[in-house]
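*Asks:* For reference, the structure I am asking about is given below.
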Amino acid sequence: MSGVWLVADVGGTNARFALLDGPDGVPSEVRSLPTADHPGLAEAAAAYLGAVGVRPSAACLAVAGPVAGGTYHLTNAGWPRGSVEQVRAHLGVPHLDVINDFEALALSLPRLGPDDLVAVGGRTPGPATGTAALAVVGPGTGLGVAGLVPTPHGWVPVPGEGGQVEVPAATDREIEVARLLRAEKGAATAEYLLSGAGLARVHRYLEVLDGVPVAGLTAQQITERRDDPRCVEALEMFCALLGSLAGNAALTLGARGGVYLGGGILPRIVDVLHGSAFRARFEGKPPVEDYVRAIPTALIVHPGPALVGAAVRLAQSLPDMEPA
């Protein structure tokens with residue numbers, strides 16, 4: 001099996017690995033390893049390869065953090081900044097790409113079918129035709145944002161650190177939450193509220209504003225307590241803020257082909273998302289409401305889109321190389 005490709009989606013909590021026999025192959029040997037159990041990216045990948053007994057011919061590892069100048073840094077994993085070449089040498093892989101995880105997610109978008117998406121307000125994005133830009137936004141351990149731009153030579157991803165923009169607070173209650181965030185963190189950064197830890201933070205700030213004892217609920221507990229009005233308010237505020245952020249991303253990138261929602265939190269609160277102000281806040285961009293209203297939004301329900309995107313990246317990097 002020396003000709004297979006290794007792909008990975010490495011986040012702040014878990015590192016998910018899989019094998020592929022080509023860009024159109026179905027991921028196999030999919031396994032998830034806790035990032036905290038390994039000292040770095042190379043060690044986590046080596047542990048997976050040792051467990052499955054494979055030495056791949058090429059690999060693409062998508063990581064939740066910036067990648068530039070041959071180095072990478074996982075923002076929320078607690079791992080040290082690393083060198084792509086050192087990881088390649090450690091694994092003994094002839095070819096290695098390390099890319100941002102939302103760059104991989106963006107690359108997957110044209111490969112997603114109707115069964116991989118759930119419309120959130122209005123229509124589901126149609127098949128990507130290469131005539132309009134796309135965007136993807138996703139809260140998980142952190143908050144990722146990326147674009148995908150059509151060119152005469154194919155799709156080009158536009159990764160960035162869009163999760164680090166200012167939180168788009170609009171209502172009086174949200175502004176008070178943002179004020180508490182700024183007092184605690186020194187900045188009202190969107191990721192501080194639109195992430196797993198961020199959802200817990202929103203709930204805690206609401207408790208402070210209401211003058212009740214802080215319960216210290218986790219994001220999972222908040223998503224499960226639908227009979228608790230403050231938990232429901234936290235979830236609805238989370239979705240409303242995300243709608244504003246997604247609308248901002250659509251305008252910034254000119255993503256008229258659609259804005260896609262990823263990350264690990266939203267699939268657990270689909271009912272809240274549908275009933276929330278997400279779409280109203282997405283469209284509420286005077287004086288360009290008509291422009292934004294025409295842009296579809298959809299939740300990604302594919303089980304491993306970043307793995308698909310990592311395979312697409314390898315196919316772009318190695319156009320003349322096919323797995324054995």
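Please note that chains go A, B, ... in the order of the structure tokens, that every chain numbers its residues from 1, and that ligands are numbered from 1 in the order shown.
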Can you pull out every residue within 6 Å of segment 54-67 of chain A, counting only C-alpha atoms, but drop anything in the same chain fewer than 4 positions away, and send it as a short mmCIF file (atom, residue, chain, number, x, y, z; two decimals) with all heavy atoms, in the first residue's frame?

*Replies:*
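The result, written out as part_32.cif:
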```
data_model
loop_
_atom_site.label_atom_id
_atom_site.label_comp_id
_atom_site.auth_asym_id
_atom_site.auth_seq_id
_atom_site.Cartn_x
_atom_site.Cartn_y
_atom_site.Cartn_z
N SER A 2 2.08 1.17 -0.49
CA SER A 2 3.01 2.30 -0.41
C SER A 2 2.59 3.46 -1.30
O SER A 2 3.14 4.55 -1.19
CB SER A 2 4.42 1.85 -0.81
OG SER A 2 4.42 1.38 -2.15
N GLY A 3 1.61 3.26 -2.23
CA GLY A 3 1.21 4.32 -3.13
C GLY A 3 0.06 5.16 -2.64
O GLY A 3 -0.37 6.07 -3.33
N VAL A 4 -0.49 4.89 -1.48
CA VAL A 4 -1.66 5.63 -1.03
C VAL A 4 -1.27 7.03 -0.56
O VAL A 4 -0.10 7.32 -0.29
CB VAL A 4 -2.37 4.88 0.12
CG1 VAL A 4 -2.87 3.53 -0.33
CG2 VAL A 4 -1.46 4.74 1.33
N TRP A 5 -2.27 7.90 -0.47
CA TRP A 5 -2.10 9.25 0.02
C TRP A 5 -2.64 9.36 1.44
O TRP A 5 -3.67 8.77 1.77
CB TRP A 5 -2.85 10.25 -0.87
CG TRP A 5 -2.27 10.42 -2.23
CD1 TRP A 5 -1.09 9.92 -2.70
CD2 TRP A 5 -2.86 11.16 -3.31
NE1 TRP A 5 -0.89 10.31 -4.00
CE2 TRP A 5 -1.96 11.07 -4.41
CE3 TRP A 5 -4.03 11.88 -3.46
CZ2 TRP A 5 -2.23 11.68 -5.63
CZ3 TRP A 5 -4.30 12.49 -4.68
CH2 TRP A 5 -3.40 12.39 -5.75
N LEU A 6 -1.93 10.12 2.25
CA LEU A 6 -2.38 10.42 3.61
C LEU A 6 -3.00 11.82 3.63
O LEU A 6 -2.40 12.77 3.12
CB LEU A 6 -1.20 10.38 4.59
CG LEU A 6 -1.45 10.93 6.01
CD1 LEU A 6 -2.41 10.03 6.77
CD2 LEU A 6 -0.13 11.08 6.76
N VAL A 7 -4.19 11.94 4.20
CA VAL A 7 -4.82 13.25 4.36
C VAL A 7 -5.23 13.39 5.82
O VAL A 7 -5.47 12.40 6.52
CB VAL A 7 -6.05 13.43 3.45
CG1 VAL A 7 -5.64 13.50 1.99
CG2 VAL A 7 -7.08 12.32 3.66
N ALA A 8 -5.28 14.64 6.29
CA ALA A 8 -5.60 14.87 7.69
C ALA A 8 -6.30 16.20 7.87
O ALA A 8 -6.07 17.16 7.13
CB ALA A 8 -4.34 14.82 8.55
N ASP A 9 -7.15 16.25 8.88
CA ASP A 9 -7.81 17.47 9.33
C ASP A 9 -7.47 17.61 10.82
O ASP A 9 -8.02 16.89 11.65
CB ASP A 9 -9.32 17.35 9.12
CG ASP A 9 -10.09 18.57 9.63
OD1 ASP A 9 -9.46 19.61 9.91
OD2 ASP A 9 -11.33 18.48 9.75
N VAL A 10 -6.54 18.52 11.12
CA VAL A 10 -5.98 18.61 12.47
C VAL A 10 -6.48 19.87 13.13
O VAL A 10 -6.14 20.99 12.74
CB VAL A 10 -4.44 18.61 12.41
CG1 VAL A 10 -3.87 18.58 13.83
CG2 VAL A 10 -3.94 17.41 11.61
N GLY A 11 -7.31 19.70 14.16
CA GLY A 11 -7.86 20.83 14.89
C GLY A 11 -7.26 20.96 16.27
O GLY A 11 -6.34 20.21 16.64
N LEU A 49 0.10 6.53 11.25
CA LEU A 49 0.68 5.66 10.24
C LEU A 49 1.19 4.36 10.84
O LEU A 49 1.09 3.30 10.23
CB LEU A 49 1.81 6.39 9.51
CG LEU A 49 1.38 7.58 8.64
CD1 LEU A 49 2.60 8.30 8.08
CD2 LEU A 49 0.47 7.11 7.50
N THR A 71 6.38 27.23 7.52
CA THR A 71 6.09 26.93 8.91
C THR A 71 4.58 26.93 9.13
O THR A 71 3.81 27.47 8.33
CB THR A 71 6.73 27.95 9.87
OG1 THR A 71 6.13 29.24 9.66
CG2 THR A 71 8.23 28.04 9.64
N TYR A 72 4.16 26.33 10.22
CA TYR A 72 2.75 26.29 10.57
C TYR A 72 2.62 26.46 12.08
O TYR A 72 3.57 26.26 12.84
CB TYR A 72 2.13 24.94 10.15
CG TYR A 72 2.73 23.77 10.88
CD1 TYR A 72 2.23 23.34 12.11
CD2 TYR A 72 3.86 23.11 10.38
CE1 TYR A 72 2.82 22.29 12.80
CE2 TYR A 72 4.45 22.07 11.06
CZ TYR A 72 3.92 21.66 12.27
OH TYR A 72 4.50 20.63 12.97
N HIS A 73 1.42 26.86 12.50
CA HIS A 73 1.16 27.01 13.93
C HIS A 73 -0.30 26.72 14.19
O HIS A 73 -1.18 27.40 13.66
CB HIS A 73 1.50 28.43 14.41
CG HIS A 73 1.26 28.64 15.87
ND1 HIS A 73 0.64 29.76 16.37
CD2 HIS A 73 1.56 27.86 16.94
CE1 HIS A 73 0.56 29.67 17.70
NE2 HIS A 73 1.11 28.52 18.05
N LEU A 74 -0.58 25.70 14.98
CA LEU A 74 -1.95 25.38 15.36
C LEU A 74 -2.37 26.31 16.49
O LEU A 74 -1.85 26.22 17.61
CB LEU A 74 -2.09 23.92 15.79
CG LEU A 74 -2.43 22.96 14.63
CD1 LEU A 74 -1.18 22.68 13.82
CD2 LEU A 74 -3.02 21.67 15.16
N THR A 75 -3.30 27.19 16.22
CA THR A 75 -3.65 28.27 17.14
C THR A 75 -4.13 27.76 18.48
O THR A 75 -3.79 28.33 19.53
CB THR A 75 -4.73 29.16 16.50
OG1 THR A 75 -4.29 29.56 15.19
CG2 THR A 75 -4.96 30.41 17.34
N VAL A 93 8.04 10.96 4.04
CA VAL A 93 7.10 11.05 2.93
C VAL A 93 7.76 11.83 1.79
O VAL A 93 8.27 12.94 2.03
CB VAL A 93 5.80 11.75 3.36
CG1 VAL A 93 4.83 11.86 2.19
CG2 VAL A 93 5.15 11.00 4.52
N HIS A 95 6.48 13.58 -0.62
CA HIS A 95 5.83 14.88 -0.84
C HIS A 95 4.86 15.17 0.31
O HIS A 95 4.05 14.32 0.68
CB HIS A 95 5.05 14.88 -2.16
CG HIS A 95 4.32 16.17 -2.40
ND1 HIS A 95 4.88 17.23 -3.08
CD2 HIS A 95 3.08 16.58 -2.03
CE1 HIS A 95 4.02 18.23 -3.11
NE2 HIS A 95 2.92 17.86 -2.49
N LEU A 96 4.96 16.39 0.86
CA LEU A 96 4.07 16.78 1.96
C LEU A 96 3.59 18.21 1.74
O LEU A 96 4.40 19.12 1.52
CB LEU A 96 4.79 16.71 3.31
CG LEU A 96 4.01 17.29 4.50
CD1 LEU A 96 2.79 16.44 4.81
CD2 LEU A 96 4.90 17.42 5.73
N ASP A 97 2.28 18.41 1.80
CA ASP A 97 1.67 19.73 1.85
C ASP A 97 1.08 19.92 3.24
O ASP A 97 0.42 19.00 3.77
CB ASP A 97 0.53 19.88 0.83
CG ASP A 97 1.03 19.95 -0.61
OD1 ASP A 97 2.13 20.49 -0.82
OD2 ASP A 97 0.31 19.47 -1.51
N VAL A 98 1.32 21.07 3.84
CA VAL A 98 0.62 21.47 5.06
C VAL A 98 -0.13 22.74 4.73
O VAL A 98 0.47 23.73 4.28
CB VAL A 98 1.59 21.70 6.24
CG1 VAL A 98 0.82 22.20 7.47
CG2 VAL A 98 2.33 20.41 6.59
N ILE A 99 -1.44 22.72 4.90
CA ILE A 99 -2.27 23.86 4.55
C ILE A 99 -3.21 24.19 5.71
O ILE A 99 -3.42 23.38 6.61
CB ILE A 99 -3.09 23.60 3.27
CG1 ILE A 99 -4.08 22.45 3.46
CG2 ILE A 99 -2.17 23.33 2.09
CD1 ILE A 99 -5.00 22.21 2.26
N ASN A 100 -3.77 25.38 5.68
CA ASN A 100 -4.77 25.77 6.66
C ASN A 100 -6.01 24.89 6.51
O ASN A 100 -6.40 24.54 5.40
CB ASN A 100 -5.12 27.25 6.46
CG ASN A 100 -6.25 27.71 7.35
OD1 ASN A 100 -7.40 27.72 6.93
ND2 ASN A 100 -5.93 28.09 8.58
N ASP A 101 -6.65 24.54 7.62
CA ASP A 101 -7.79 23.63 7.55
C ASP A 101 -8.96 24.23 6.78
O ASP A 101 -9.70 23.51 6.09
CB ASP A 101 -8.23 23.20 8.95
CG ASP A 101 -8.67 24.35 9.85
OD1 ASP A 101 -8.26 25.50 9.62
OD2 ASP A 101 -9.43 24.09 10.80
N ALA A 310 -8.18 18.21 1.28
CA ALA A 310 -6.75 17.87 1.32
C ALA A 310 -6.37 17.01 0.12
O ALA A 310 -5.30 17.16 -0.46
CB ALA A 310 -6.42 17.15 2.63
#
```

*Asks:* Restrict the calculation to only C-alpha atoms, then for each residue of segment 121-215 of chain A with any atom at most 8 Å from an atom of segment 244-248 of chain A give the closest atom pair and their distance in Å to one decimal, rows by chain and rising residue number, as JSON lines.

*Replies:*
```
{"residue": "A:Val137", "atom": "CA", "partner": "A:Ala246", "partner_atom": "CA", "distance": 6.5}
{"residue": "A:Val167", "atom": "CA", "partner": "A:Leu245", "partner_atom": "CA", "distance": 7.7}
{"residue": "A:Pro168", "atom": "CA", "partner": "A:Ser244", "partner_atom": "CA", "distance": 6.2}
```

*Asks:* Export, as a PDB file, in the first residue's frame, the selected residues with N, CA, C and O atoms.

*Replies:*
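The resulting file, selection-v1.pdb, is shown below:
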```
ATOM      1  N   VAL A 137     -17.425  29.470   6.499  1.00  0.00           N
ATOM      2  CA  VAL A 137     -17.242  29.984   7.853  1.00  0.00           C
ATOM      3  C   VAL A 137     -17.585  28.849   8.809  1.00  0.00           C
ATOM      4  O   VAL A 137     -18.585  28.158   8.602  1.00  0.00           O
ATOM      5  N   VAL A 167     -15.832  41.133  16.837  1.00  0.00           N
ATOM      6  CA  VAL A 167     -17.137  40.485  16.924  1.00  0.00           C
ATOM      7  C   VAL A 167     -18.222  41.458  16.451  1.00  0.00           C
ATOM      8  O   VAL A 167     -18.226  42.630  16.833  1.00  0.00           O
ATOM      9  N   PRO A 168     -19.145  41.020  15.577  1.00  0.00           N
ATOM     10  CA  PRO A 168     -20.139  41.925  14.999  1.00  0.00           C
ATOM     11  C   PRO A 168     -21.366  42.114  15.902  1.00  0.00           C
ATOM     12  O   PRO A 168     -22.500  41.771  15.530  1.00  0.00           O
TER      13      PRO A 168
END
```

*Asks:* What's around His302 of chain A at 8 Å? Count only C-alpha atoms, leave out sequence neighbours fewer than 3 positions away in its own chain, and write the answer as a count of residues only.

*Replies:* 5

*Asks:* List as a list in words the protein and nucleic acid residues near segment 31-44 of chain A, meaning an atom at most 9 Å away when only C-alpha atoms are counted, but skip any in the same chain fewer than 6 places from it.

*Replies:*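 In the requested form, the answer reads Val10, Gly11, Gly12, Thr13, Asn14, Ala15, Arg16, Phe17, Ala18, Leu61, Val63, Ala77, Gly78, Trp79, Pro80, Arg81, Gly82, Gln86, Val87, Arg88, His90 and Leu91 of chain A.
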
*Asks:* Would you pick out the contacts of Ala190 of chain A at 6 Å or less, using only C-alpha atoms, so that residues sharing its chain but fewer than 3 positions from it are not included, and give the list as a PyMOL selection string?

*Replies:* chain A and resi 163-167+193-194

*Asks:* So which one's closest to Phe278 of chain A, A:Ile175, A:Val120, A:Val202, A:Ala89? Using only C-alpha atoms, please.

*Replies:*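 Among the listed residues, the smallest separation from Phe278 of chain A belongs to A:Val120.
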
*Asks:* With distances taken over only C-alpha atoms, which residue among A:Pro303, A:Leu318, A:Val84, A:Ala133 lies nearest Val30 of chain A?

*Replies:*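 That would be A:Pro303, the residue with the smallest distance to Val30 of chain A.
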
*Asks:* Ranking A:Gly162, A:Pro296, A:Pro213, A:Gly22 by minimum distance to Leu143 of chain A and counting only C-alpha atoms, which one comes first?

*Replies:*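 With only C-alpha atoms as the atom set, the closest residue is A:Gly162.
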
*Asks:* Give me the residues near Val177 of chain A as a compact mmCIF listing (two decimals) with N, CA, C and O atoms, in the first residue's frame, where near means some atom within 7 Å (using only C-alpha atoms) and where sequence neighbours in that chain fewer than 3 positions away do not count.

*Replies:*
```txt
# COMPACT_ATOMS: atom_id res chain seq x y z
N ARG A 173 -27.90 43.83 24.03
CA ARG A 173 -27.43 42.68 24.82
C ARG A 173 -26.08 42.19 24.29
O ARG A 173 -25.17 41.89 25.06
N GLU A 174 -25.94 42.12 22.97
CA GLU A 174 -24.67 41.68 22.38
C GLU A 174 -23.56 42.68 22.68
O GLU A 174 -22.41 42.28 22.93
N LEU A 180 -18.01 42.97 28.11
CA LEU A 180 -17.42 42.07 29.09
C LEU A 180 -16.25 41.30 28.49
O LEU A 180 -15.24 41.05 29.16
N LEU A 181 -16.39 40.91 27.23
CA LEU A 181 -15.31 40.19 26.54
C LEU A 181 -14.07 41.07 26.45
O LEU A 181 -12.95 40.62 26.75
N VAL A 202 -20.15 33.15 26.15
CA VAL A 202 -21.40 33.90 25.96
C VAL A 202 -22.36 33.60 27.10
O VAL A 202 -22.96 34.51 27.70
N TYR A 205 -21.22 35.26 30.35
CA TYR A 205 -21.45 36.71 30.35
C TYR A 205 -22.93 37.02 30.57
O TYR A 205 -23.27 38.01 31.24
```

*Asks:* Could you go through segment 54-134 of chain A and tell me which residues DSSP, when run on the backbone, assigns to helix (DSSP H, G or I), listing them as number ranges by chain?

*Replies:* A: 84-91, 101-111, 114-116

*Asks:* Would you mind exporting the chosen residues as an mmCIF file, in the first residue's frame, restricted to N, CA, C and O atoms?

*Replies:*
```cif
data_model
loop_
_atom_site.group_PDB
_atom_site.id
_atom_site.type_symbol
_atom_site.label_atom_id
_atom_site.label_comp_id
_atom_site.auth_asym_id
_atom_site.auth_seq_id
_atom_site.Cartn_x
_atom_site.Cartn_y
_atom_site.Cartn_z
ATOM 1 N N VAL A 84 7.393 22.598 8.088
ATOM 2 C CA VAL A 84 6.828 21.613 7.168
ATOM 3 C C VAL A 84 7.890 20.602 6.760
ATOM 4 O O VAL A 84 7.634 19.393 6.714
ATOM 5 N N GLU A 85 9.100 21.055 6.491
ATOM 6 C CA GLU A 85 10.167 20.149 6.064
ATOM 7 C C GLU A 85 10.529 19.164 7.169
ATOM 8 O O GLU A 85 10.801 17.990 6.894
ATOM 9 N N GLN A 86 10.532 19.619 8.409
ATOM 10 C CA GLN A 86 10.833 18.708 9.513
ATOM 11 C C GLN A 86 9.768 17.625 9.644
ATOM 12 O O GLN A 86 10.083 16.467 9.931
ATOM 13 N N VAL A 87 8.505 17.984 9.436
ATOM 14 C CA VAL A 87 7.435 16.982 9.480
ATOM 15 C C VAL A 87 7.614 15.985 8.340
ATOM 16 O O VAL A 87 7.485 14.768 8.528
ATOM 17 N N ARG A 88 7.921 16.494 7.143
ATOM 18 C CA ARG A 88 8.122 15.605 5.997
ATOM 19 C C ARG A 88 9.251 14.620 6.272
ATOM 20 O O ARG A 88 9.119 13.411 6.016
ATOM 21 N N ALA A 89 10.362 15.120 6.799
ATOM 22 C CA ALA A 89 11.506 14.261 7.084
ATOM 23 C C ALA A 89 11.175 13.246 8.176
ATOM 24 O O ALA A 89 11.585 12.076 8.107
ATOM 25 N N HIS A 90 10.447 13.685 9.194
ATOM 26 C CA HIS A 90 10.080 12.792 10.299
ATOM 27 C C HIS A 90 9.215 11.632 9.794
ATOM 28 O O HIS A 90 9.394 10.482 10.227
ATOM 29 N N LEU A 91 8.311 11.929 8.859
ATOM 30 C CA LEU A 91 7.406 10.904 8.355
ATOM 31 C C LEU A 91 8.024 10.094 7.219
ATOM 32 O O LEU A 91 7.526 9.011 6.893
ATOM 33 N N ASP A 101 -6.648 24.539 7.622
ATOM 34 C CA ASP A 101 -7.791 23.633 7.552
ATOM 35 C C ASP A 101 -8.964 24.229 6.778
ATOM 36 O O ASP A 101 -9.697 23.506 6.092
ATOM 37 N N PHE A 102 -9.131 25.556 6.854
ATOM 38 C CA PHE A 102 -10.236 26.139 6.099
ATOM 39 C C PHE A 102 -9.872 26.348 4.632
ATOM 40 O O PHE A 102 -10.765 26.479 3.793
ATOM 41 N N GLU A 103 -8.600 26.336 4.310
ATOM 42 C CA GLU A 103 -8.204 26.260 2.903
ATOM 43 C C GLU A 103 -8.642 24.917 2.333
ATOM 44 O O GLU A 103 -9.182 24.837 1.226
ATOM 45 N N ALA A 104 -8.436 23.854 3.105
ATOM 46 C CA ALA A 104 -8.886 22.525 2.678
ATOM 47 C C ALA A 104 -10.406 22.476 2.585
ATOM 48 O O ALA A 104 -10.967 21.907 1.638
ATOM 49 N N LEU A 105 -11.080 23.066 3.572
ATOM 50 C CA LEU A 105 -12.536 23.069 3.548
ATOM 51 C C LEU A 105 -13.053 23.815 2.323
ATOM 52 O O LEU A 105 -14.007 23.380 1.656
ATOM 53 N N ALA A 106 -12.407 24.942 1.998
ATOM 54 C CA ALA A 106 -12.802 25.689 0.801
ATOM 55 C C ALA A 106 -12.604 24.850 -0.452
ATOM 56 O O ALA A 106 -13.465 24.828 -1.352
ATOM 57 N N LEU A 107 -11.484 24.154 -0.554
ATOM 58 C CA LEU A 107 -11.209 23.334 -1.734
ATOM 59 C C LEU A 107 -12.231 22.212 -1.904
ATOM 60 O O LEU A 107 -12.449 21.725 -3.020
ATOM 61 N N SER A 108 -12.852 21.800 -0.811
ATOM 62 C CA SER A 108 -13.832 20.711 -0.896
ATOM 63 C C SER A 108 -15.173 21.160 -1.453
ATOM 64 O O SER A 108 -15.970 20.323 -1.913
ATOM 65 N N LEU A 109 -15.457 22.456 -1.421
ATOM 66 C CA LEU A 109 -16.816 22.931 -1.724
ATOM 67 C C LEU A 109 -17.337 22.490 -3.090
ATOM 68 O O LEU A 109 -18.494 22.044 -3.189
ATOM 69 N N PRO A 110 -16.547 22.587 -4.176
ATOM 70 C CA PRO A 110 -17.078 22.135 -5.473
ATOM 71 C C PRO A 110 -17.354 20.635 -5.530
ATOM 72 O O PRO A 110 -18.052 20.173 -6.446
ATOM 73 N N ARG A 111 -16.803 19.872 -4.579
ATOM 74 C CA ARG A 111 -16.998 18.420 -4.578
ATOM 75 C C ARG A 111 -18.232 18.003 -3.766
ATOM 76 O O ARG A 111 -18.578 16.819 -3.759
ATOM 77 N N PRO A 114 -25.727 17.570 -3.158
ATOM 78 C CA PRO A 114 -26.937 17.965 -2.423
ATOM 79 C C PRO A 114 -27.087 17.255 -1.074
ATOM 80 O O PRO A 114 -27.587 17.855 -0.117
ATOM 81 N N ASP A 115 -26.673 16.010 -0.996
ATOM 82 C CA ASP A 115 -26.817 15.268 0.261
ATOM 83 C C ASP A 115 -25.820 15.718 1.323
ATOM 84 O O ASP A 115 -25.940 15.335 2.490
ATOM 85 N N ASP A 116 -24.832 16.509 0.927
ATOM 86 C CA ASP A 116 -23.804 16.978 1.853
ATOM 87 C C ASP A 116 -24.144 18.332 2.456
ATOM 88 O O ASP A 116 -23.378 18.850 3.279
#
```

*Asks:* According to DSSP computed on the backbone, where in segment 54-298 of chain A is there strand (DSSP E)? Give the residues as a count of residues only.

*Replies:* 47

*Asks:* Taking only C-alpha atoms into account, which of A:Gly154, A:Val136, A:Leu20, A:Val26 comes nearest Gln316 of chain A?

*Replies:*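 Nearest to Gln316 of chain A: A:Gly154.
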
*Asks:* Considering only C-alpha atoms, state which residue in the set A:Ile295, A:Leu266, A:Ala188, A:Ala249 is at the smallest distance from Glu176 of chain A.

*Replies:*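 Checking each candidate against Glu176 of chain A, we get A:Ala188 as the closest.
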
*Asks:* Can you tell me which residues surround segment 222-239 of chain A at a distance of at most 8 Å, considering only C-alpha atoms, apart from same-chain residues fewer than 3 positions away, and format the answer as a list in words?

*Replies:*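 Close residues of segment 222-239 of chain A: Glu174, Leu193, Leu194, Leu199, Ala200, Val202, His203, Leu206, Glu207, Leu217, Thr218, Ala219, Leu242, Gly243, Arg268, Ile269, Val272, Leu273, Ser276, Ala277 and Phe278 of chain A.
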